[in-house]
Amino acid sequence: MSQLQIPSGYKPLLNLKQTELGIKHIKDFFQVNLSSELRLRRVTAPLFVESGTGINDDLNGIERPVHFPIKDMGDKQAEIVHSLAKWKRLTLADYGIEEGFGIYTDMNAIRADEELDNLHSLYVDQWDWEMVIGEQNRSVDYLKQIVCRIYAAMLRTEYLVFELFPAITPQLPGEITFIHSEELLQKYPGMDDKQREDAITQAHGAVFVIGIGAPLSNGLPHDGRAPDYDDWSSMNADGYLGLNGDLLVWNPVLEKAMELSSMGIRVDSVSLKRQLKARNKEDRLSLYFHKRLINNELPLSIGGGIGQSRLCMYYLRKAHIGEIQASLWPQEMRESAKAQGVFLL
């Protein structure tokens with residue numbers, strides 16, 4: 001069910017014209033910095049892919065992609081992407097990208113089963129990126145290095161916003177804190193996963209939670225992950241499972257943790273088989289993407305997505321993602337938000 005949270009006394013710091021200006025500057029500046037930090041080249045991405053190829057992101061496995069028939073292809077079905085997690089790895093191979101370099105793209109998606117609230121929309125826009133790595137880079141230390149480089153780009157972008165709009169003072173700490181989801185569970189045993197994220201992020205300002213997808217000591221994963229892109233089942237050097245994670249920041253407007261990026265070292269053929277078996281999805285091994293991976297036709301990689309609207313929402317101190325992007329919202333949500341001084345695009 002949709003939910004709306006407007007903090008008491010909330011008033012946007014920027015008007016509509018200033019907001020649009022801020023969005024433009026943030027997007028232009030951040031993607032240049034991200035490309036420079038990770039040595040990424042921009043590529044053009046699809047809005048839809050052919051159904052039944054295994055290329056689309058299955059998210060938690062229950063979300064339904066938007067389908068449509070293609071008349072000129074005998075009504076073959078296509079589906080709007082959820083994200084480009086697997087498509088990017090195919091592109092690395094097809095473009096012959098060398099180790100240590102990668103790609104990024106503007107990803108636009110529709111997630112029709114999303115529960116709508118201040119942070120979740122039917123429309124998803126993010127920078128999807130993927131980089132070729134060597135076997136020696138499949139480690140939690142390398143994952144942390146990449147996270148720190150992305151975070152450095154975020155810090156520089158925050159300062160740009162302050163230069164443009166001095167009323168928006170920087171909030172991000174100078175360094176990001178790392179913690180494994182099992183350590184987080186042990187630290188806050190009486191809380192659920194979202195409460196744990198709020199507690200650790202409020203304490204540190206910016207946190208990367210490692211290990212998303214594998215069951216923890218309580219028998220539950222910290223959060224859901226598809227079995228065929230992030231490697232959440234390999235043992236890392238810290239003695240925990242998982243080479244992936246989520247980047248969270250403390251949102252001072254909503255006073256809660258806010259996920260800005262999900263990323264990780266991707267599965268190799270061994271971890272792919274292990275994770276498909278764990279989720280009873282071994283039938284996917286016959287799909288196009290999975291066959292290419294098993295046949296070692298795809299490079300080892302690390303990659304993820306960084307939410308464009310969420311990043312802008314955070315920097316511009318907005319209470320609702322609908323103040324940043326144009327989407328569809330329940331009429332009662334629009335009316336309630338308007339009554340509280342919030343205009344949803």
# chains A, B, ... in the order shown; residues from 1 in each chain; ligands from 1
$ closest_atom_pairs --of "segment 12-80 of chain A" --to "segment 95-115 of chain A" --cutoff "12 Å" --atoms "only C-alpha atoms" --output "CSV"
residue,atom,partner,partner_atom,distance
A:Lys27,CA,A:Asp106,CA,10.3
A:Asp28,CA,A:Asp106,CA,11.7
A:Gln31,CA,A:Tyr104,CA,8.7
A:Val32,CA,A:Tyr104,CA,10.5
A:Asn33,CA,A:Tyr104,CA,11.8
A:Leu34,CA,A:Tyr104,CA,8.9
A:Ser35,CA,A:Tyr104,CA,7.5
A:Ser36,CA,A:Phe101,CA,10.4
A:Glu37,CA,A:Phe101,CA,10.4
A:Leu38,CA,A:Phe101,CA,7.1
A:Arg39,CA,A:Phe101,CA,5.3
A:Leu40,CA,A:Gly102,CA,4.5
A:Arg41,CA,A:Ile103,CA,4.7
A:Arg42,CA,A:Tyr104,CA,5.0
A:Val43,CA,A:Thr105,CA,5.5
A:Thr44,CA,A:Thr105,CA,6.2
A:Ala45,CA,A:Thr105,CA,6.2
A:Pro46,CA,A:Met107,CA,8.0
A:Leu47,CA,A:Asn108,CA,6.4
A:Phe48,CA,A:Ala109,CA,8.5
A:Val49,CA,A:Ala109,CA,11.3
A:Asn56,CA,A:Ala109,CA,10.7
A:Asp57,CA,A:Ala109,CA,10.5
A:Asp58,CA,A:Arg111,CA,10.8
A:Leu59,CA,A:Arg111,CA,9.9
A:Asn60,CA,A:Asp113,CA,11.3
A:Gly61,CA,A:Asp113,CA,11.5
A:Ile62,CA,A:Asp113,CA,8.8
A:Glu63,CA,A:Asp113,CA,5.8
A:Arg64,CA,A:Asp113,CA,6.6
A:Pro65,CA,A:Arg111,CA,6.8
A:Val66,CA,A:Ala112,CA,7.0
A:His67,CA,A:Ile110,CA,10.7
A:Glu79,CA,A:Ile110,CA,9.8
A:Ile80,CA,A:Ile110,CA,6.5
$ residues_around --residues "Asn251 of chain A" --least-positions-apart "2" --cutoff "10 Å" --atoms "only C-alpha atoms" --output "list of chain:residue names"
A:Gln171, A:Leu172, A:Asp198, A:Thr201, A:Gln202, A:Gly205, A:Ala206, A:Leu248, A:Val249, A:Val253, A:Leu254, A:Glu255, A:Lys256, A:Ala257, A:Met258, A:Glu259, A:Met313, A:Tyr314, A:Tyr315, A:Arg317, A:Lys318, A:Ala319
$ write_last_selection --atoms "N, CA and C atoms" --output "compact mmCIF listing (two decimals), in the first residue's frame"
# COMPACT_ATOMS: atom_id res chain seq x y z
N GLN A 171 26.14 17.72 4.60
CA GLN A 171 25.80 16.83 5.70
C GLN A 171 26.64 15.56 5.71
N LEU A 172 27.19 15.18 4.56
CA LEU A 172 27.90 13.90 4.46
C LEU A 172 29.20 13.93 5.26
N ASP A 198 18.44 2.32 9.87
CA ASP A 198 18.23 3.66 10.42
C ASP A 198 19.20 3.94 11.57
N THR A 201 22.93 4.24 10.29
CA THR A 201 23.13 5.40 9.41
C THR A 201 22.97 6.71 10.17
N GLN A 202 22.07 6.75 11.12
CA GLN A 202 21.94 7.95 11.95
C GLN A 202 23.22 8.16 12.75
N GLY A 205 26.13 8.67 9.51
CA GLY A 205 25.88 9.59 8.41
C GLY A 205 25.88 8.95 7.04
N ALA A 206 26.86 8.07 6.78
CA ALA A 206 26.95 7.35 5.50
C ALA A 206 27.54 5.98 5.78
N LEU A 248 24.11 3.63 1.99
CA LEU A 248 23.05 4.35 2.67
C LEU A 248 23.55 5.67 3.22
N VAL A 249 22.70 6.69 3.20
CA VAL A 249 23.01 7.96 3.85
C VAL A 249 21.84 8.33 4.76
N VAL A 253 15.91 15.26 6.21
CA VAL A 253 14.54 15.73 6.06
C VAL A 253 13.55 14.69 6.57
N LEU A 254 13.71 13.46 6.10
CA LEU A 254 12.81 12.38 6.51
C LEU A 254 13.25 11.72 7.81
N GLU A 255 14.48 12.00 8.23
CA GLU A 255 15.07 11.41 9.45
C GLU A 255 15.01 9.89 9.41
N LYS A 256 15.58 9.36 8.34
CA LYS A 256 15.67 7.91 8.16
C LYS A 256 16.80 7.62 7.17
N ALA A 257 17.22 6.35 7.15
CA ALA A 257 18.24 5.93 6.19
C ALA A 257 17.66 5.95 4.79
N MET A 258 18.53 6.27 3.82
CA MET A 258 18.10 6.37 2.42
C MET A 258 19.14 5.66 1.56
N GLU A 259 18.70 4.64 0.84
CA GLU A 259 19.62 3.91 -0.04
C GLU A 259 19.83 4.70 -1.33
N MET A 313 17.19 14.20 -4.79
CA MET A 313 16.30 14.38 -3.66
C MET A 313 17.08 14.63 -2.38
N TYR A 314 18.15 13.85 -2.19
CA TYR A 314 18.98 14.02 -1.00
C TYR A 314 19.68 15.38 -1.01
N TYR A 315 20.38 15.68 -2.09
CA TYR A 315 21.15 16.93 -2.15
C TYR A 315 20.28 18.17 -2.03
N ARG A 317 17.41 18.38 -0.55
CA ARG A 317 16.64 18.34 0.70
C ARG A 317 15.12 18.31 0.45
N LYS A 318 14.74 17.40 -0.43
CA LYS A 318 13.32 17.23 -0.72
C LYS A 318 12.73 16.11 0.14
N ALA A 319 11.44 16.22 0.44
CA ALA A 319 10.77 15.22 1.27
C ALA A 319 10.19 14.07 0.47
$ residues_around --residues "Lys187 of chain A" --least-positions-apart "6" --cutoff "10 Å" --atoms "only C-alpha atoms" --output "list of chain:residue names"
A:Ser181, A:Arg196, A:Ala199, A:Ile200
$ write_last_selection --atoms "all heavy atoms" --output "tab-separated table (two decimals), in the first residue's frame"
chain	number	residue	atom	x	y	z
A	181	SER	N	26.30	-7.04	7.12
A	181	SER	CA	24.92	-7.18	7.59
A	181	SER	C	24.81	-8.09	8.81
A	181	SER	O	23.93	-7.90	9.66
A	181	SER	CB	24.02	-7.69	6.46
A	181	SER	OG	24.54	-8.87	5.88
A	196	ARG	N	17.54	-1.41	11.75
A	196	ARG	CA	18.99	-1.50	11.89
A	196	ARG	C	19.69	-0.50	10.96
A	196	ARG	O	20.66	0.15	11.34
A	196	ARG	CB	19.48	-2.92	11.59
A	196	ARG	CG	18.97	-3.96	12.57
A	196	ARG	CD	19.75	-5.27	12.49
A	196	ARG	NE	19.61	-5.99	11.23
A	196	ARG	CZ	18.66	-6.86	10.96
A	196	ARG	NH1	17.71	-7.13	11.85
A	196	ARG	NH2	18.64	-7.49	9.79
A	199	ALA	N	19.36	2.97	12.46
A	199	ALA	CA	20.20	3.18	13.64
A	199	ALA	C	21.66	3.40	13.25
A	199	ALA	O	22.31	4.34	13.74
A	199	ALA	CB	20.07	1.98	14.58
A	200	ILE	N	22.20	2.55	12.36
A	200	ILE	CA	23.62	2.67	12.01
A	200	ILE	C	23.87	3.90	11.15
A	200	ILE	O	24.91	4.56	11.28
A	200	ILE	CB	24.12	1.37	11.30
A	200	ILE	CG1	25.65	1.35	11.21
A	200	ILE	CG2	23.52	1.23	9.92
A	200	ILE	CD1	26.33	1.20	12.54
$ closest_residue --among "A:Ile179, A:Ile133, A:Met263, A:Leu84" --to "Ile150 of chain A" --atoms "only C-alpha atoms"
A:Met263
$ closest_residue --among "A:Asn236, A:Gln18, A:Gln325, A:Ser261" --to "Ser139 of chain A" --atoms "only C-alpha atoms"
A:Asn236
$ residues_around --residues "Leu21 of chain A" --least-positions-apart "2" --cutoff "12 Å" --atoms "only C-alpha atoms" --output "VMD selection string"
chain A and resid 14 to 19 23 to 28 161 164 to 165 312 316 324
$ atom_distance --atom1 "atom CA of Glu130 of chain A" --atom2 "atom CA of Ile70 of chain A"
29.1 Å
$ residues_around --residues "Gly211 of chain A" --least-positions-apart "2" --cutoff "9 Å" --atoms "only C-alpha atoms" --output "JSON, numbers by chain"
{"A": [180, 181, 182, 209, 213, 214, 221, 222, 231, 232, 233, 240, 241, 242, 243, 244, 245, 246]}
$ residues_around --residues "Ala152 of chain A" --least-positions-apart "2" --cutoff "10 Å" --atoms "only C-alpha atoms" --output "list in words"
Asn33, Leu34, Glu37, Ile146, Val147, Cys148, Arg149, Ile150, Met154, Leu155, Arg156, Thr157, Glu158, Gly174, Glu175 and Ile176 of chain A
$ write_last_selection --atoms "all heavy atoms" --output "compact mmCIF listing (two decimals), in the first residue's frame"
# COMPACT_ATOMS: atom_id res chain seq x y z
N ASN A 33 32.10 12.98 -12.84
CA ASN A 33 32.97 12.55 -11.76
C ASN A 33 32.98 11.03 -11.60
O ASN A 33 34.03 10.43 -11.37
CB ASN A 33 32.56 13.21 -10.45
CG ASN A 33 33.13 14.59 -10.28
OD1 ASN A 33 34.15 14.77 -9.63
ND2 ASN A 33 32.50 15.59 -10.89
N LEU A 34 31.82 10.42 -11.73
CA LEU A 34 31.75 8.96 -11.65
C LEU A 34 32.55 8.32 -12.77
O LEU A 34 33.32 7.38 -12.54
CB LEU A 34 30.28 8.50 -11.74
CG LEU A 34 30.04 6.98 -11.73
CD1 LEU A 34 30.38 6.40 -10.37
CD2 LEU A 34 28.59 6.67 -12.12
N GLU A 37 36.28 8.74 -11.96
CA GLU A 37 36.73 7.92 -10.82
C GLU A 37 36.93 6.46 -11.22
O GLU A 37 37.90 5.82 -10.81
CB GLU A 37 35.73 8.00 -9.68
CG GLU A 37 35.84 9.23 -8.81
CD GLU A 37 37.04 9.21 -7.89
OE1 GLU A 37 37.70 8.15 -7.76
OE2 GLU A 37 37.34 10.26 -7.29
N ILE A 146 36.24 0.52 -4.37
CA ILE A 146 35.33 1.10 -5.37
C ILE A 146 34.27 1.94 -4.69
O ILE A 146 33.92 3.04 -5.17
CB ILE A 146 34.70 -0.01 -6.21
CG1 ILE A 146 35.77 -0.77 -7.01
CG2 ILE A 146 33.66 0.57 -7.16
CD1 ILE A 146 36.56 0.10 -7.97
N VAL A 147 33.74 1.47 -3.57
CA VAL A 147 32.75 2.25 -2.82
C VAL A 147 33.32 3.61 -2.42
O VAL A 147 32.66 4.64 -2.55
CB VAL A 147 32.27 1.47 -1.58
CG1 VAL A 147 31.40 2.37 -0.69
CG2 VAL A 147 31.49 0.23 -1.98
N CYS A 148 34.56 3.61 -1.94
CA CYS A 148 35.19 4.87 -1.51
C CYS A 148 35.37 5.84 -2.68
O CYS A 148 35.23 7.06 -2.51
CB CYS A 148 36.54 4.59 -0.85
SG CYS A 148 36.40 3.83 0.79
N ARG A 149 35.65 5.32 -3.86
CA ARG A 149 35.81 6.18 -5.02
C ARG A 149 34.46 6.78 -5.45
O ARG A 149 34.38 7.96 -5.85
CB ARG A 149 36.46 5.41 -6.16
CG ARG A 149 37.95 5.17 -5.89
CD ARG A 149 38.52 4.00 -6.64
NE ARG A 149 38.56 4.21 -8.08
CZ ARG A 149 39.05 3.31 -8.94
NH1 ARG A 149 39.55 2.17 -8.48
NH2 ARG A 149 39.06 3.57 -10.23
N ILE A 150 33.40 5.99 -5.38
CA ILE A 150 32.06 6.50 -5.68
C ILE A 150 31.66 7.55 -4.65
O ILE A 150 31.11 8.61 -4.97
CB ILE A 150 31.04 5.36 -5.73
CG1 ILE A 150 31.34 4.44 -6.92
CG2 ILE A 150 29.61 5.90 -5.82
CD1 ILE A 150 30.50 3.18 -6.95
N MET A 154 30.47 11.61 -4.68
CA MET A 154 29.30 12.14 -3.98
C MET A 154 29.66 13.34 -3.13
O MET A 154 28.91 14.33 -3.06
CB MET A 154 28.67 11.04 -3.12
CG MET A 154 28.00 9.93 -3.91
SD MET A 154 27.22 8.70 -2.83
CE MET A 154 26.41 7.65 -4.06
N LEU A 155 30.81 13.28 -2.46
CA LEU A 155 31.26 14.41 -1.64
C LEU A 155 31.50 15.66 -2.49
O LEU A 155 31.11 16.77 -2.11
CB LEU A 155 32.53 14.04 -0.88
CG LEU A 155 32.39 13.06 0.29
CD1 LEU A 155 33.76 12.68 0.82
CD2 LEU A 155 31.54 13.67 1.40
N ARG A 156 32.14 15.48 -3.63
CA ARG A 156 32.40 16.62 -4.50
C ARG A 156 31.09 17.23 -5.02
O ARG A 156 30.96 18.46 -5.14
CB ARG A 156 33.30 16.21 -5.67
CG ARG A 156 34.73 15.93 -5.25
CD ARG A 156 35.66 15.86 -6.45
NE ARG A 156 35.39 14.71 -7.30
CZ ARG A 156 35.94 13.51 -7.12
NH1 ARG A 156 36.77 13.29 -6.10
NH2 ARG A 156 35.67 12.51 -7.94
N THR A 157 30.13 16.37 -5.31
CA THR A 157 28.84 16.86 -5.81
C THR A 157 28.10 17.62 -4.73
O THR A 157 27.44 18.64 -5.00
CB THR A 157 27.99 15.69 -6.33
OG1 THR A 157 28.73 14.94 -7.30
CG2 THR A 157 26.70 16.19 -6.96
N GLU A 158 28.20 17.16 -3.49
CA GLU A 158 27.55 17.87 -2.39
C GLU A 158 28.10 19.28 -2.25
O GLU A 158 27.36 20.23 -1.98
CB GLU A 158 27.73 17.10 -1.09
CG GLU A 158 26.99 17.75 0.09
CD GLU A 158 27.17 17.00 1.38
OE1 GLU A 158 28.32 16.66 1.73
OE2 GLU A 158 26.16 16.75 2.06
N GLY A 174 33.16 12.90 6.10
CA GLY A 174 34.31 12.82 5.21
C GLY A 174 34.61 11.42 4.74
O GLY A 174 35.19 11.24 3.66
N GLU A 175 34.24 10.41 5.52
CA GLU A 175 34.49 9.02 5.15
C GLU A 175 33.23 8.19 5.36
O GLU A 175 32.41 8.49 6.22
CB GLU A 175 35.64 8.43 5.99
CG GLU A 175 36.98 9.09 5.74
CD GLU A 175 38.09 8.44 6.54
OE1 GLU A 175 37.79 7.56 7.39
OE2 GLU A 175 39.27 8.80 6.32
N ILE A 176 33.10 7.14 4.57
CA ILE A 176 31.97 6.24 4.70
C ILE A 176 32.33 5.08 5.62
O ILE A 176 33.48 4.63 5.65
CB ILE A 176 31.52 5.72 3.31
CG1 ILE A 176 30.17 4.99 3.41
CG2 ILE A 176 32.58 4.85 2.65
CD1 ILE A 176 29.52 4.73 2.07
$ atom_distance --atom1 "atom CA of Tyr142 of chain A" --atom2 "atom CA of Asp230 of chain A"
14.5 Å
$ closest_residue --among "A:Leu13, A:Leu285, A:Ile306, A:Leu216" --to "Asp125 of chain A" --atoms "only C-alpha atoms"
A:Ile306
$ closest_residue --among "A:Pro166, A:Gly219, A:Pro330, A:Gly22" --to "Gln3 of chain A" --atoms "only C-alpha atoms"
A:Pro330
$ atom_distance --atom1 "atom CA of Pro170 of chain A" --atom2 "atom CA of Asp141 of chain A"
27.8 Å
$ residues_around --residues "Glu297 of chain A" --least-positions-apart "4" --cutoff "12 Å" --atoms "only C-alpha atoms" --output "list in words"
Arg89, Leu90, Thr91, Leu92, Ala93, Asp94, Gly96, Asp268, Ser269, Tyr288, Phe289, His290, Lys291, Arg292 and Leu293 of chain A
$ select_by_dssp --residues "segment 67-166 of chain A" --states "helix (DSSP H, G or I)" --output "VMD selection string"
chain A and resid 71 to 73 85 to 95 135 to 137 140 to 164
$ select_by_dssp --residues "segment 129-192 of chain A" --states "strand (DSSP E or B)" --output "PyMOL selection string"
chain A and resi 129-132+177-180
